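Q: Just so it is clear, I am handing over input-v8.tsv, which has TSV, C-alpha atoms.
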```tsv
chain	number	residue	atom	x	y	z
A	1	MET	CA	3.12	-24.21	-9.26
A	2	SER	CA	5.17	-21.05	-8.80
A	3	ILE	CA	4.00	-18.11	-6.69
A	4	SER	CA	2.81	-15.01	-8.51
A	5	SER	CA	2.03	-11.58	-7.10
A	6	ARG	CA	1.51	-8.10	-8.50
A	7	ILE	CA	0.86	-4.56	-7.33
A	8	ASP	CA	-2.50	-4.29	-5.59
A	9	HIS	CA	-2.26	-0.76	-4.27
A	10	LEU	CA	0.06	2.07	-3.33
A	11	VAL	CA	-0.09	3.40	0.24
A	12	VAL	CA	0.10	7.15	0.84
A	13	ALA	CA	0.16	8.04	4.54
A	14	ALA	CA	-1.37	11.32	5.69
A	15	ASP	CA	-1.71	13.14	8.99
A	16	SER	CA	-5.47	13.30	8.37
A	17	LEU	CA	-7.79	12.34	5.54
A	18	ALA	CA	-8.59	16.02	4.95
A	19	GLN	CA	-4.88	16.73	4.47
A	20	GLY	CA	-4.63	13.71	2.19
A	21	VAL	CA	-7.54	14.78	0.01
A	22	ALA	CA	-6.15	18.31	-0.36
A	23	TRP	CA	-2.73	16.91	-1.31
A	24	CYS	CA	-4.28	14.56	-3.84
A	25	GLU	CA	-6.26	17.33	-5.51
A	26	ALA	CA	-3.21	19.60	-5.69
A	27	THR	CA	-0.70	16.92	-6.72
A	28	LEU	CA	-2.70	14.54	-8.91
A	29	GLY	CA	-5.65	16.71	-9.95
A	30	VAL	CA	-8.13	14.13	-8.64
A	31	THR	CA	-10.45	14.00	-5.65
A	32	PRO	CA	-10.22	10.54	-4.12
A	33	GLY	CA	-13.34	8.46	-3.73
A	34	PRO	CA	-14.76	7.17	-0.47
A	35	GLY	CA	-13.06	4.47	1.52
A	36	GLY	CA	-13.96	3.30	5.00
A	37	GLU	CA	-12.84	2.52	8.52
A	38	HIS	CA	-10.56	-0.26	9.75
A	39	ALA	CA	-11.82	-0.73	13.30
A	40	PHE	CA	-9.21	-3.37	14.17
A	41	MET	CA	-6.39	-0.95	13.26
A	42	GLY	CA	-7.88	2.41	14.21
A	43	THR	CA	-7.38	3.81	10.73
A	44	HIS	CA	-9.51	5.03	7.83
A	45	ASN	CA	-8.89	5.68	4.15
A	46	ARG	CA	-9.87	7.18	0.82
A	47	LEU	CA	-9.32	5.35	-2.47
A	48	MET	CA	-8.84	6.05	-6.16
A	49	ARG	CA	-8.38	3.74	-9.11
A	50	ILE	CA	-4.96	3.89	-10.83
A	51	ALA	CA	-5.36	0.82	-13.03
A	52	GLY	CA	-3.50	0.49	-16.30
A	53	PRO	CA	-2.70	-2.24	-18.83
A	54	ALA	CA	0.00	-3.74	-16.61
A	55	TRP	CA	-2.04	-3.46	-13.39
A	56	PRO	CA	-5.76	-3.77	-14.23
A	57	ARG	CA	-6.84	-3.82	-10.58
A	58	ALA	CA	-4.52	-1.27	-8.99
A	59	TYR	CA	-5.59	1.57	-6.75
A	60	LEU	CA	-4.06	4.23	-4.52
A	61	GLU	CA	-4.95	4.39	-0.84
A	62	ILE	CA	-4.70	7.51	1.29
A	63	ILE	CA	-4.61	6.27	4.88
A	64	ALA	CA	-4.53	8.05	8.22
A	65	ILE	CA	-5.06	7.31	11.89
A	66	ASP	CA	-8.75	7.73	12.66
A	67	PRO	CA	-9.01	10.24	15.54
A	68	ALA	CA	-12.54	9.02	16.34
A	69	ALA	CA	-11.49	5.39	16.73
A	70	PRO	CA	-10.22	3.86	19.97
A	71	HIS	CA	-6.62	2.71	20.02
A	72	PRO	CA	-6.49	-0.82	18.59
A	73	GLY	CA	-4.33	-2.09	21.46
A	74	ARG	CA	-1.53	-3.04	19.10
A	75	PRO	CA	0.82	-1.16	16.74
A	76	ARG	CA	-1.04	-0.02	13.63
A	77	TRP	CA	-0.05	-1.34	10.22
A	78	PHE	CA	2.31	0.42	7.79
A	79	ASP	CA	4.38	1.93	10.65
A	80	LEU	CA	1.69	4.56	11.22
A	81	ASP	CA	2.65	4.75	14.92
A	82	ASP	CA	6.30	5.44	14.10
A	83	GLU	CA	7.24	8.89	15.42
A	84	ALA	CA	9.56	9.73	12.52
A	85	LEU	CA	6.88	8.82	9.98
A	86	GLN	CA	4.26	10.81	11.86
A	87	THR	CA	6.55	13.85	11.87
A	88	ALA	CA	7.12	13.48	8.13
A	89	VAL	CA	3.43	13.22	7.21
A	90	ARG	CA	2.54	16.25	9.32
A	91	GLN	CA	4.49	18.21	6.71
A	92	ARG	CA	2.71	16.55	3.79
A	93	PRO	CA	1.32	13.15	2.78
A	94	ARG	CA	3.82	10.81	1.18
A	95	LEU	CA	4.17	7.46	-0.54
A	96	VAL	CA	5.33	5.05	2.17
A	97	HIS	CA	4.53	1.53	1.01
A	98	TYR	CA	2.78	-0.77	-1.43
A	99	VAL	CA	0.73	-3.94	-1.18
A	100	ALA	CA	1.00	-6.97	-3.47
A	101	SER	CA	-1.92	-9.30	-4.16
A	102	THR	CA	-1.46	-13.04	-4.54
A	103	GLY	CA	-3.66	-16.07	-4.80
A	104	ASP	CA	-1.75	-17.92	-2.08
A	105	GLY	CA	-0.66	-15.68	0.77
A	106	THR	CA	0.40	-18.61	2.93
A	107	ARG	CA	2.92	-19.82	0.35
A	108	ALA	CA	4.18	-16.29	-0.25
A	109	LEU	CA	4.87	-15.77	3.44
A	110	GLN	CA	6.59	-19.15	3.66
A	111	ALA	CA	8.82	-18.20	0.73
A	112	LEU	CA	9.85	-15.08	2.65
A	113	ALA	CA	10.36	-17.08	5.85
A	114	ASP	CA	12.70	-19.38	3.92
A	115	LEU	CA	14.86	-16.27	3.37
A	116	GLY	CA	14.74	-15.42	7.07
A	117	ILE	CA	12.19	-12.63	6.58
A	118	ASP	CA	9.18	-12.48	8.90
A	119	ARG	CA	6.52	-10.58	7.00
A	120	GLY	CA	3.96	-11.30	9.75
A	121	PRO	CA	0.92	-13.57	9.82
A	122	LEU	CA	-2.10	-13.27	7.55
A	123	LEU	CA	-4.87	-11.48	9.42
A	124	ALA	CA	-8.50	-11.75	8.38
A	125	ALA	CA	-9.97	-8.29	7.79
A	126	GLU	CA	-13.15	-6.73	6.52
A	127	ARG	CA	-14.88	-3.40	6.19
A	128	GLN	CA	-18.31	-2.31	5.09
A	129	THR	CA	-18.99	-0.37	1.89
A	130	PRO	CA	-22.27	1.00	0.48
A	131	ARG	CA	-22.26	-1.98	-1.89
A	132	GLY	CA	-21.50	-4.66	0.67
A	133	SER	CA	-18.59	-6.07	2.64
A	134	LEU	CA	-14.99	-6.34	1.55
A	135	HIS	CA	-13.10	-9.34	2.93
A	136	TRP	CA	-9.38	-9.96	2.71
A	137	ARG	CA	-6.38	-11.51	4.42
A	138	ILE	CA	-3.31	-9.33	4.88
A	139	SER	CA	0.16	-9.82	6.35
A	140	VAL	CA	0.69	-7.60	9.39
A	141	ARG	CA	3.62	-7.94	11.76
A	142	PRO	CA	2.86	-7.67	15.50
A	143	ASP	CA	5.14	-4.60	15.59
A	144	GLY	CA	3.40	-3.01	12.59
A	145	GLN	CA	6.66	-2.60	10.66
A	146	ARG	CA	6.69	-2.36	6.86
A	147	LEU	CA	10.24	-3.80	6.58
A	148	PHE	CA	13.00	-2.63	4.21
A	149	ASP	CA	11.85	0.97	4.72
A	150	GLY	CA	8.55	0.15	3.03
A	151	CYS	CA	10.17	-1.39	-0.04
A	152	LEU	CA	9.09	-4.99	0.64
A	153	PRO	CA	5.37	-5.22	-0.08
A	154	THR	CA	2.74	-6.29	2.36
A	155	VAL	CA	0.97	-9.40	1.03
A	156	ILE	CA	-2.80	-9.38	0.51
A	157	GLU	CA	-5.24	-12.06	-0.54
A	158	TRP	CA	-8.71	-10.82	-1.52
A	159	GLY	CA	-12.06	-12.54	-1.18
A	160	ASP	CA	-14.72	-12.48	-3.89
A	161	THR	CA	-14.84	-8.66	-4.14
A	162	HIS	CA	-12.01	-6.21	-4.85
A	163	PRO	CA	-12.16	-2.42	-4.34
A	164	CYS	CA	-11.51	-1.83	-8.05
A	165	ASP	CA	-14.77	-3.63	-8.85
A	166	THR	CA	-16.61	-0.46	-7.85
A	167	LEU	CA	-14.01	2.33	-8.10
A	168	PRO	CA	-14.68	4.61	-11.10
A	169	ASP	CA	-12.04	5.60	-13.63
A	170	CYS	CA	-10.66	8.92	-12.39
A	171	GLY	CA	-8.18	9.47	-15.21
A	172	LEU	CA	-5.13	8.22	-13.31
A	173	SER	CA	-2.96	5.34	-14.49
A	174	LEU	CA	0.06	3.78	-12.81
A	175	GLN	CA	2.98	3.74	-15.24
A	176	SER	CA	5.76	2.26	-13.13
A	177	LEU	CA	6.96	1.47	-9.64
A	178	THR	CA	10.67	1.26	-8.80
A	179	VAL	CA	12.02	0.35	-5.37
A	180	SER	CA	15.62	0.60	-4.26
A	181	HIS	CA	17.34	-0.54	-1.09
A	182	PRO	CA	20.93	-1.29	-0.02
A	183	ASP	CA	19.96	-4.70	1.42
A	184	ALA	CA	20.38	-7.28	-1.37
A	185	ARG	CA	17.75	-9.48	0.28
A	186	LEU	CA	15.03	-7.19	-1.06
A	187	GLN	CA	15.54	-8.34	-4.64
A	188	LYS	CA	15.61	-11.98	-3.52
A	189	ALA	CA	12.45	-11.48	-1.46
A	190	CYS	CA	10.53	-9.89	-4.33
A	191	ALA	CA	11.61	-12.74	-6.60
A	192	ALA	CA	10.57	-15.31	-3.99
A	193	ILE	CA	6.95	-14.09	-4.05
A	194	GLY	CA	6.95	-13.84	-7.85
A	195	LEU	CA	6.41	-10.08	-7.80
A	196	GLN	CA	5.66	-8.83	-11.29
A	197	GLY	CA	5.96	-5.37	-12.76
A	198	VAL	CA	8.13	-3.80	-10.04
A	199	ARG	CA	11.71	-2.82	-10.71
A	200	THR	CA	14.05	-3.51	-7.78
A	201	GLN	CA	17.56	-2.12	-7.62
A	202	PRO	CA	20.35	-1.44	-5.11
A	203	GLY	CA	20.62	2.04	-3.68
A	204	PRO	CA	19.31	4.25	-0.89
A	205	PRO	CA	15.86	3.24	0.46
A	206	LYS	CA	13.22	4.69	-1.87
A	207	LEU	CA	9.93	4.02	-3.62
A	208	ARG	CA	9.29	5.85	-6.88
A	209	ALA	CA	5.91	5.66	-8.61
A	210	GLU	CA	5.00	7.33	-11.88
A	211	LEU	CA	1.35	8.11	-12.58
A	212	GLN	CA	-0.22	9.60	-15.68
A	213	GLY	CA	-3.28	11.78	-15.16
A	214	PRO	CA	-4.84	15.23	-15.29
A	215	ARG	CA	-1.56	16.84	-14.16
A	216	GLY	CA	0.43	14.92	-16.79
A	217	LEU	CA	3.16	12.59	-15.58
A	218	VAL	CA	3.51	12.87	-11.79
A	219	VAL	CA	6.28	11.22	-9.82
A	220	LEU	CA	5.72	10.20	-6.19
A	221	ASP	CA	9.05	9.69	-4.46
A	222	SER	CA	9.18	8.45	-0.88
A	223	ALA	CA	12.58	10.07	-0.39
A	224	ASP	CA	11.37	13.61	-1.13
A	225	ALA	CA	11.86	15.86	1.90
```
How does the structure come out when it is put into structure tokens?
A:
Amino acid sequence: MSISSRIDHLVVAADSLAQGVAWCEATLGVTPGPGGEHAFMGTHNRLMRIAGPAWPRAYLEIIAIDPAAPHPGRPRWFDLDDEALQTAVRQRPRLVHYVASTGDGTRALQALADLGIDRGPLLAAERQTPRGSLHWRISVRPDGQRLFDGCLPTVIEWGDTHPCDTLPDCGLSLQSLTVSHPDARLQKACAAIGLQGVRTQPGPPKLRAELQGPRGLVVLDSADA
């Protein structure tokens, strides 16, 4: 049986959740819903549903380092400890990464390892919500790196409950995601995990997401200064 994966969520990094919420309201015309804390990473988030016909369980995550949380004792995920990224998000939140869901994370990571790409081990994670616990396994490198400038997705494998099961429709819908990178291995890596619905192409490192919503068609471009 071949591996299949698809967009689970887009990751927008912010200097703080307050900054992220203000950016979201100004840019997308939507106030994000509640999220939660990730104690094992020292981060917290806010979420909004961006599902569409091609991605019925997609959402957007605004994530920031939680100033009230102790340091996790390891590099945080999504390169959030990277000084250059921290400098960039102090100016404004930005699209930095995306996560792909699959039914077999172990096989997906092995497919990447066969290409010489260490996406990191699958870590068991959970957080509490008002409607119960969310459980998942997610690939996180010990150094916290996203790889390929954020263009190679993190792999996630959900338990019985998914965030979109309770996220309301906020009027946003993901229309497309295009990633470009000069390293030809990116296209091979995305094919190896059976990534669907994402256009990969050679070029300067960049993620480009198009969303339809209250502000019309909005483009989030990771390369925007």
Q: Would you write out, as a tab-separated table, a table of all residues in region 74-186 of chain A that have an atom no more than 12 Å from an atom of region 16-33 of chain A, listing for each the closest atom pair and the distance in Å to one decimal, considering all atoms listed in the file and ordering rows by chain and rising residue number?
A:
```
residue	atom	partner	partner_atom	distance
A:Leu80	CA	A:Ser16	CA	11.7
A:Gln86	CA	A:Ser16	CA	10.6
A:Val89	CA	A:Ser16	CA	9.0
A:Arg90	CA	A:Ser16	CA	8.6
A:Gln91	CA	A:Gln19	CA	9.7
A:Arg92	CA	A:Trp23	CA	7.5
A:Pro93	CA	A:Gly20	CA	6.0
A:Arg94	CA	A:Gly20	CA	9.0
A:Leu95	CA	A:Gly20	CA	11.1
A:Thr129	CA	A:Gly33	CA	11.9
A:Pro163	CA	A:Gly33	CA	11.0
A:Cys164	CA	A:Gly33	CA	11.3
A:Thr166	CA	A:Gly33	CA	10.4
A:Leu167	CA	A:Gly33	CA	7.6
A:Pro168	CA	A:Gly33	CA	8.4
A:Asp169	CA	A:Gly33	CA	10.4
A:Cys170	CA	A:Val30	CA	6.9
A:Gly171	CA	A:Val30	CA	8.1
A:Leu172	CA	A:Leu28	CA	8.1
A:Ser173	CA	A:Leu28	CA	10.8
A:Leu174	CA	A:Leu28	CA	11.8
```
Q: Sorted by chain and rising residue number, which residues of region 60-81 of chain A lie within 12 Å of region 99-114 of chain A, and what are their closest atom pairs and distances in Å to one decimal, counting only C-alpha atoms, as a Markdown table?
A:
```
| residue | atom | partner | partner_atom | distance |
| --- | --- | --- | --- | --- |
| A:Leu60 | CA | A:Val99 | CA | 10.0 |
| A:Glu61 | CA | A:Val99 | CA | 10.1 |
| A:Trp77 | CA | A:Val99 | CA | 11.7 |
| A:Phe78 | CA | A:Val99 | CA | 10.1 |
```
Q: Please, could you write that set of residues out with C-alpha atoms as a PDB file, keeping the file's coordinate frame?
A:
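Once everything was written out, this is selection_32.pdb:
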```
ATOM      1  CA  LEU A  60      -4.060   4.230  -4.520  1.00  0.00           C
ATOM      2  CA  GLU A  61      -4.950   4.390  -0.840  1.00  0.00           C
ATOM      3  CA  TRP A  77      -0.050  -1.340  10.220  1.00  0.00           C
ATOM      4  CA  PHE A  78       2.310   0.420   7.790  1.00  0.00           C
TER       5      PHE A  78
END
```
Q: Could you check which of A:Asp118, A:Glu210, A:Asp15, A:Asp8 is closest to Leu147 (chain A), using only C-alpha atoms?
A: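 Selected residue with least distance to Leu147 (chain A): A:Asp118.
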Q: Fewer than 5 positions away in the same chain doesn't count, so skip those; otherwise give me all residues within 10 Å of Trp136 (chain A), counting all atoms listed in the file, as a PDB file with C-alpha atoms, keeping the file's coordinate frame.
A:
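Below you can see around_26.pdb, which holds the result:
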```pdb
ATOM      1  CA  LEU A 122      -2.100 -13.270   7.550  1.00  0.00           C
ATOM      2  CA  LEU A 123      -4.870 -11.480   9.420  1.00  0.00           C
ATOM      3  CA  ALA A 124      -8.500 -11.750   8.380  1.00  0.00           C
ATOM      4  CA  ALA A 125      -9.970  -8.290   7.790  1.00  0.00           C
ATOM      5  CA  GLU A 126     -13.150  -6.730   6.520  1.00  0.00           C
ATOM      6  CA  ARG A 127     -14.880  -3.400   6.190  1.00  0.00           C
ATOM      7  CA  ILE A 156      -2.800  -9.380   0.510  1.00  0.00           C
ATOM      8  CA  GLU A 157      -5.240 -12.060  -0.540  1.00  0.00           C
ATOM      9  CA  TRP A 158      -8.710 -10.820  -1.520  1.00  0.00           C
ATOM     10  CA  GLY A 159     -12.060 -12.540  -1.180  1.00  0.00           C
ATOM     11  CA  ASP A 160     -14.720 -12.480  -3.890  1.00  0.00           C
ATOM     12  CA  THR A 161     -14.840  -8.660  -4.140  1.00  0.00           C
ATOM     13  CA  HIS A 162     -12.010  -6.210  -4.850  1.00  0.00           C
TER      14      HIS A 162
END
```
Q: Just to confirm, what's the straight-line distance from CA of Phe40 (chain A) to CA of Leu207 (chain A) in Å (one decimal)?
A: 27.2 Å
Q: Could you state the separation of CA of Arg74 (chain A) and CA of Ala39 (chain A) in Å, given to one decimal place?
A: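 Computed distance, CA of Arg74 (chain A) to CA of Ala39 (chain A), equals 12.0 Å.
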Q: Would you please work out which residue, of A:His71, A:His38, A:His97, A:Arg6, is nearest to Arg57 (chain A) when using only C-alpha atoms?
A: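 Distance minimum relative to Arg57 (chain A) lands on A:Arg6.
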Q: Ranking A:Arg49, A:Arg199, A:His181, A:Arg146 by minimum distance to Asp81 (chain A) and counting only C-alpha atoms, which one comes first?
A: A:Arg146
Q: With a distance cut-off of 12 Å and only C-alpha atoms, select the neighbouring residues of Gln187 (chain A), excluding the residue or stretch itself and same-chain residues fewer than 5 positions from it, and output the selection as a ChimeraX atom specification.
A: /A:112,115,148,151-153,178-182,192-196,198-203
Q: My list of candidates is A:Ala189, A:Leu177, A:Leu220, A:Ile65. Which is closest to Arg119 (chain A) when distances are computed with all atoms listed in the file?
A: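 Of A:Ala189, A:Leu177, A:Leu220, A:Ile65, the one nearest Arg119 (chain A) is A:Ala189, counting all atoms listed in the file.
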Q: With all atoms listed in the file as the counted atoms, please give the residues lying no more than 10 Å from Pro75 (chain A), apart from itself and same-chain residues fewer than 3 positions off, as a list in words.
A: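 Within the cut-off, the hits are Met41, Gly42, His71, Pro72, Phe78, Asp79, Leu80, Asp81, Asp82, Val140, Arg141, Pro142, Asp143, Gly144 and Gln145 of chain A.
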Q: For CA of Asp66 (chain A) and CA of Thr43 (chain A), determine how far apart the two atoms are, in Å to one decimal place.
A: 4.6 Å
Q: From the options A:Ala58, A:Ala88, A:Ala14, A:Leu134, which residue's atoms come nearest to Gly35 (chain A), counting all atoms listed in the file?
A: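 Counting all atoms listed in the file, the residue closest to Gly35 (chain A) is A:Leu134.
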